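**Student:** Can you read through this structure? Questions will come right after.
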Number of protein chains: 6
Amino acid sequence: MYELGVVYRNIPRSPAHLADQLARFGSATVHEALGRVGLLHTGIRPIYAGAQVAGTAVTVLLHPGDNWMMHVVAEQIQPGDIVVAAITAPCTDGYFGDLLATSFQARGARALVIDAGVRDVRTLTEMRFPVWSKAISAKGTIKATLGSVNIPVVCAGALVCPGDVIVADDDGVVCVPRALAERALAAAAAREANEGEKRAQLAAGVLGLDMYKMREPLAKAGLKYID
Amino acid sequence: MYELGVVYRNIPRSPAHLADQLARFGSATVHEALGRVGLLHTGIRPIYAGAQVAGTAVTVLLHPGDNWMMHVVAEQIQPGDIVVAAITAPCTDGYFGDLLATSFQARGARALVIDAGVRDVRTLTEMRFPVWSKAISAKGTIKATLGSVNIPVVCAGALVCPGDVIVADDDGVVCVPRALAERALAAAAAREANEGEKRAQLAAGVLGLDMYKMREPLAKAGLKYID
Amino acid sequence: MYELGVVYRNIPRSPAHLADQLARFGSATVHEALGRVGLLHTGIRPIYAGAQVAGTAVTVLLHPGDNWMMHVVAEQIQPGDIVVAAITAPCTDGYFGDLLATSFQARGARALVIDAGVRDVRTLTEMRFPVWSKAISAKGTIKATLGSVNIPVVCAGALVCPGDVIVADDDGVVCVPRALAERALAAAAAREANEGEKRAQLAAGVLGLDMYKMREPLAKAGLKYID
Amino acid sequence: MYELGVVYRNIPRSPAHLADQLARFGSATVHEALGRVGLLHTGIRPIYAGAQVAGTAVTVLLHPGDNWMMHVVAEQIQPGDIVVAAITAPCTDGYFGDLLATSFQARGARALVIDAGVRDVRTLTEMRFPVWSKAISAKGTIKATLGSVNIPVVCAGALVCPGDVIVADDDGVVCVPRALAERALAAAAAREANEGEKRAQLAAGVLGLDMYKMREPLAKAGLKYID
Amino acid sequence: MYELGVVYRNIPRSPAHLADQLARFGSATVHEALGRVGLLHTGIRPIYAGAQVAGTAVTVLLHPGDNWMMHVVAEQIQPGDIVVAAITAPCTDGYFGDLLATSFQARGARALVIDAGVRDVRTLTEMRFPVWSKAISAKGTIKATLGSVNIPVVCAGALVCPGDVIVADDDGVVCVPRALAERALAAAAAREANEGEKRAQLAAGVLGLDMYKMREPLAKAGLKYID
Amino acid sequence: MYELGVVYRNIPRSPAHLADQLARFGSATVHEALGRVGLLHTGIRPIYAGAQVAGTAVTVLLHPGDNWMMHVVAEQIQPGDIVVAAITAPCTDGYFGDLLATSFQARGARALVIDAGVRDVRTLTEMRFPVWSKAISAKGTIKATLGSVNIPVVCAGALVCPGDVIVADDDGVVCVPRALAERALAAAAAREANEGEKRAQLAAGVLGLDMYKMREPLAKAGLKYID
């Protein structure tokens, strides 16, 4: 967390196929599968609706109002990565715009997650380069101070280590630790296995009270019906 | 407000035709018609733009991080209802997703208003099940604690009693007390009666200053023009 | 700032062609061109995505919950203007709806920027009358207290003088002082001159590190790469 | 909630002795005794530390920036009352200062709870007139619009009916419905009955784990100790 | 507002005697006397209770995370000044601590008002150097970028020009434009002239309703009493 | 971060003498000594002014509204520890009151840092048990769900590992990683070595501009003085 001015070049990444498969479950299911941990603050929102991606985290620690390290991290991107940017103090400046997005996309990045602001959002939307950020701001940044690349960072309240899997969609952003990615995938798949069945029943008017057999525990907990 | 663990089954509802008619006026006009009271906090926003609905309130009081009572309230939904969910302490968790929405929709619910978070918003949008919430969050909830159904609740700063009419659109959410629904409808209709006329005049370049005869009161209040 | 109850009728405006040309650069580029000053708070957001406009500021100072002066400012609008509304204390009420928008549009206003709330946003969106506001609220206002028109105001943290150029898009709102509009335009044009070239290089995989010749200054600042 | 322009003069109040006895338990114990409901938002804070009071609620509904009804409510105060002020929309203005406090104190009011701002806080502190508010603001208000006195109000998220008992201290403000005041007092007393005993044990180094016999349920829930 | 890198050395200041006299009225009375304008956001709070000062504004514009100009402004301080610090983007860093306070105090500064954070607050409190800030933060700043000294700034939502009078106490901070200082003083004195008389009456139990003759206008506005 | 239901009993702690010595430097100096990282959000504030402590971190991860693990962590406290409590989702409930404080104090805890609320603050203040929290709330919690003890946690935006040194005072809370504690102490001592000398010079009227030799770099950066 505390090393400044370093770039780790060879980081172990979660296998690409795990990220690819986690993507289709979405952040809510994956978050459940992890035991309801690893979620970034709900203030982190997508700049446009409908994107759903997963990728391996390449992290960058930046200073308020300074995006110099964004260019440094660009070089460390490999196809399938998602850049996760943390800032050393709260900041809403626009660290990232269409030029950097062009570069990130050219390097194979799937998305950016940043605990600060971005700009050129209309162009980013047209490019279909998805970004999750806490602000949108026309305010640019300077390039003056060293941060670090590929160290563990705290981004929007969640610890993200390089190589972790990031799952992001309209519901938010979840970080899956590399060591748990396989297990999370299995748990997510298990959760979804009989969802179709459940949905059909509910659509047919069956109540969750009956489908999940909740009437007894509710009565036991003391629930009273009054006519 | 204070009963926990109870479900009121037979609540008096505002007549359906009042809700149906209030829907087409929208929240701003209805709020005016009520004397500018009954509005939920502006932090309650629709998960997608363009929905405009009204319905009879079925209320549920939940605990932070616990959506057990959502299944209990589902059974009390009648066609034309809008579920209004209050939480006993501030919480942004995702209490509601596509499965519950399927169930609510099957029961005839027109919408959900919740002073907390929801998830699966992309699917909810595709289903066209409108939700007004204060957050979007992938974080799920547990099912462990009793709340209540169909008691008066404070939701996003407004008192909502079961059977009240809820009017919701892109401008926000208004609660019309059951006893005032008829009067609110009449007042809303009166307000809109000559709106088309006014709009035409304004579009033709007539100033509100003249149309509303404001020049005299403004001068009387002391307004000075400086060239 | 401090005159209440006055309307300045003859304000010097930035030349229309400057606003027209600044519009196409957008708020981010113009903000850079100004030396990164003049940006309104990032809490000011467009009510719909995609609008990009610039115009000359006509200012109005209002009291909380009172939009009387909105009708007064309407008369002062000339084609190409953008109305900038400041409030004397924080307020989220809906000061502006479809009727006022009809009037503003008829007078030639290009947009409204307001440090408070607006309503009828669905209709405003259909009318394509762009608004940047800090809230959306069904709550209307009264017409009881005098404010002022065309005095300097502080709107969302930025000083706006009548006749300044306002540039607004999805990235936010920037105020360009009248005396700097020409210079800002030149600087914006210079910034964008070789953007296409840069974008092409970045899209081809060239790194910003090389394109901007950052490797040496980074090394000098002490950046270390670890394999 | 919705009547504007009315003053209810003869409200039933909780018996004075109940308020007096609830005062010494403080807001935390009383809130527990109520089943953890009735708490105002934590943004409502005392203007000085150390006050601990309870009294019967006299309610007032005000408009943003307008304190006219404060003078109306003053007349309805009886010794032992606490004035509870709600506003129809969010506002931080200073509705209350040393003159009104002098009047309230002369009428026998024990405190003010207000979901807005107050001023003259140094003088209020010297007078030892306790106030719980969400803001401190030098900004005064006008006297132009009617609200109501002694109707049910939603104050900082909690429903307060005239005659309810308000308990306030450094931990916050709780509203005890009149019908529950007796029961709440009994429950609060029961809660505190053996607190001294518990405190002594904990001070002697006994662990809550043992005192509350938590080890077995924790083990059953799956807690694992790792050396 | 927009000049960066300049220091104005010879600014016209409001006469010292005006600031001295405005100090004893406090921010609430002075704000009223100004017509309820000029107040900084209520988020600006004193680091300790009880200070009440006024002085002539010396302004400084800083960048986020950079306090270099604090040393530049120190040289421009004259006895009786209050330093007003604005930041070009929201920032909570601790720009000011005990060493700078020692320097400011040695130069004759009466206080600091800053729309950011400060630190060493325990020492500042012991030194009795009053500070109004929006945050307290241990996080220090760098010294790398030029701002300006003695240009007009927007600080916490209010325009402050060099030489204006700043009045600050527990109720907040008000800026009195230099040209209005004399008039504000007269108005403040007039407001307070018969306050003692009023206070005595209210303390004796006279109601504001009668003292201010409000009963008739209230009845006229439609107020109804219900027994 | 992600293990739930575990308690690590034997954690390596930073040597007591390091914490003891870091305490006297305070959070601002230690934060600088660390290179300006490791600070918790500025929203974490002491419940009373004047406490300045340091200790070794014992961590606990809790669920919203559930303080069961507080009793589990109590057993793991050793003299000189500071308990650091993180919550899996934003929560302002009062997790901690006078009984737990009695227990913690009996075990030798020096303080509590919690990213949630606490209560009984008047008693805690009388006990001189210092707490840094983000809220004060009368709302209690339940005891139903397992969290973990002595795993790495993210608390108020900072990563805290068991055994790290926590430094807390009126300026905020800093976490010093165990591996850096010795180095941080040396750097802090170096920073303070000549502070007395500097303070004396500044008190004598020497300007920082001269003492730090800033005039040349400022001129080089382009600072212009205008008379």
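Lettering and numbering for the structure tokens are positional, with chains as A, B, ... in the shown order, residues counted from 1 in each chain, and ligands counted from 1 in the shown order.
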Could you pull the residues within 6 Å of region 22-27 of chain C, counting only C-alpha atoms, minus those fewer than 6 positions along the same chain, as a list in words?

**Tutor:**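 In the requested form, the answer reads Ala138 of chain A; Val53, Ala54, Val167, Ala168 and Val174 of chain C.
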
**Student:** Show me, as a list of chain:residue names, the residues that have an atom within 9 Å of Gly50 (chain D) when counting only C-alpha atoms, minus same-chain residues fewer than 2 positions from it.

**Tutor:**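 The filter keeps D:Pro46, D:Tyr48, D:Gln52, D:Asp169, D:Asp170, F:Arg122.
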
**Student:** At a cut-off of 9 Å, which residues of chain E touch chain C? Count only C-alpha atoms and give the answer as JSON, numbers by chain.

**Tutor:** {"E": [1, 2, 3, 4, 34, 35, 36, 37, 38, 39, 41, 88, 89, 90, 153, 154, 155, 156, 157, 158, 159, 177]}

**Student:** Pull N, CA and C atoms from the residues just selected and write them as a compact mmCIF listing (two decimals), in the first residue's frame.

**Tutor:**
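Dumped everything to again36.txt:
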# COMPACT_ATOMS: atom_id res chain seq x y z
N MET E 1 -10.66 36.76 -10.72
CA MET E 1 -10.82 35.36 -10.35
C MET E 1 -9.82 34.47 -11.08
N TYR E 2 -9.35 34.98 -12.21
CA TYR E 2 -8.77 34.02 -13.14
C TYR E 2 -7.28 34.21 -13.36
N GLU E 3 -6.74 35.22 -12.68
CA GLU E 3 -5.30 35.42 -12.83
C GLU E 3 -4.55 34.47 -11.93
N LEU E 4 -3.63 33.71 -12.48
CA LEU E 4 -2.80 32.85 -11.66
C LEU E 4 -1.38 33.40 -11.66
N LEU E 34 -26.81 43.11 6.09
CA LEU E 34 -26.42 43.14 4.66
C LEU E 34 -27.57 42.76 3.75
N GLY E 35 -28.69 42.36 4.31
CA GLY E 35 -29.80 41.91 3.47
C GLY E 35 -29.71 40.42 3.20
N ARG E 36 -29.07 39.71 4.09
CA ARG E 36 -28.98 38.24 4.04
C ARG E 36 -28.22 37.73 2.82
N VAL E 37 -27.12 38.35 2.55
CA VAL E 37 -26.21 37.85 1.51
C VAL E 37 -24.80 37.84 2.09
N GLY E 38 -23.89 37.14 1.40
CA GLY E 38 -22.49 37.18 1.80
C GLY E 38 -22.07 36.11 2.79
N LEU E 39 -22.95 35.15 3.07
CA LEU E 39 -22.61 34.11 4.04
C LEU E 39 -21.85 32.97 3.36
N HIS E 41 -20.77 28.99 3.12
CA HIS E 41 -21.51 27.75 3.40
C HIS E 41 -21.44 27.38 4.87
N THR E 88 -8.91 25.77 -5.87
CA THR E 88 -9.48 25.68 -7.22
C THR E 88 -10.35 24.44 -7.43
N ALA E 89 -10.28 23.48 -6.53
CA ALA E 89 -11.16 22.30 -6.60
C ALA E 89 -11.33 21.75 -5.20
N PRO E 90 -12.44 21.04 -4.93
CA PRO E 90 -12.68 20.58 -3.57
C PRO E 90 -11.52 19.79 -3.00
N VAL E 153 -11.81 36.07 -4.84
CA VAL E 153 -11.95 34.61 -4.83
C VAL E 153 -13.37 34.22 -4.43
N VAL E 154 -13.77 33.02 -4.83
CA VAL E 154 -15.01 32.44 -4.32
C VAL E 154 -14.61 31.45 -3.23
N CYS E 155 -14.98 31.74 -2.00
CA CYS E 155 -14.62 30.87 -0.88
C CYS E 155 -15.89 30.32 -0.25
N ALA E 156 -16.06 29.02 -0.31
CA ALA E 156 -17.24 28.38 0.28
C ALA E 156 -18.52 29.03 -0.21
N GLY E 157 -18.55 29.34 -1.50
CA GLY E 157 -19.77 29.84 -2.12
C GLY E 157 -19.96 31.34 -2.07
N ALA E 158 -19.05 32.07 -1.42
CA ALA E 158 -19.21 33.52 -1.33
C ALA E 158 -18.05 34.22 -2.03
N LEU E 159 -18.35 35.32 -2.70
CA LEU E 159 -17.30 36.11 -3.33
C LEU E 159 -16.61 36.96 -2.26
N PRO E 177 -18.74 43.42 1.77
CA PRO E 177 -17.97 44.14 0.75
C PRO E 177 -17.50 45.49 1.29

**Student:** Within region 83-212 of chain C, find each residue whose DSSP state, derived from the backbone, is alpha helix (DSSP H), and express the selection as a ChimeraX atom specification.

**Tutor:** /C:98-107,121-127,181-193,195-203,208-211

**Student:** May I have the residues within 10 Å of region 93-103 of chain F as JSON, numbers by chain, using only C-alpha atoms and disregarding those fewer than 6 positions away in the same chain?

**Tutor:** {"B": [89, 90], "D": [28, 42, 171, 195, 196, 198, 199, 200, 201, 202, 203, 204, 205, 206, 207, 208], "F": [62, 64, 65, 66, 67, 68, 70, 71, 74, 75, 77, 85, 109, 111, 112, 114, 116, 117, 118, 119, 120, 121, 122, 123, 124, 125, 127, 128, 129, 130, 131, 133, 134, 135, 136, 137, 138, 139, 140, 141, 142]}
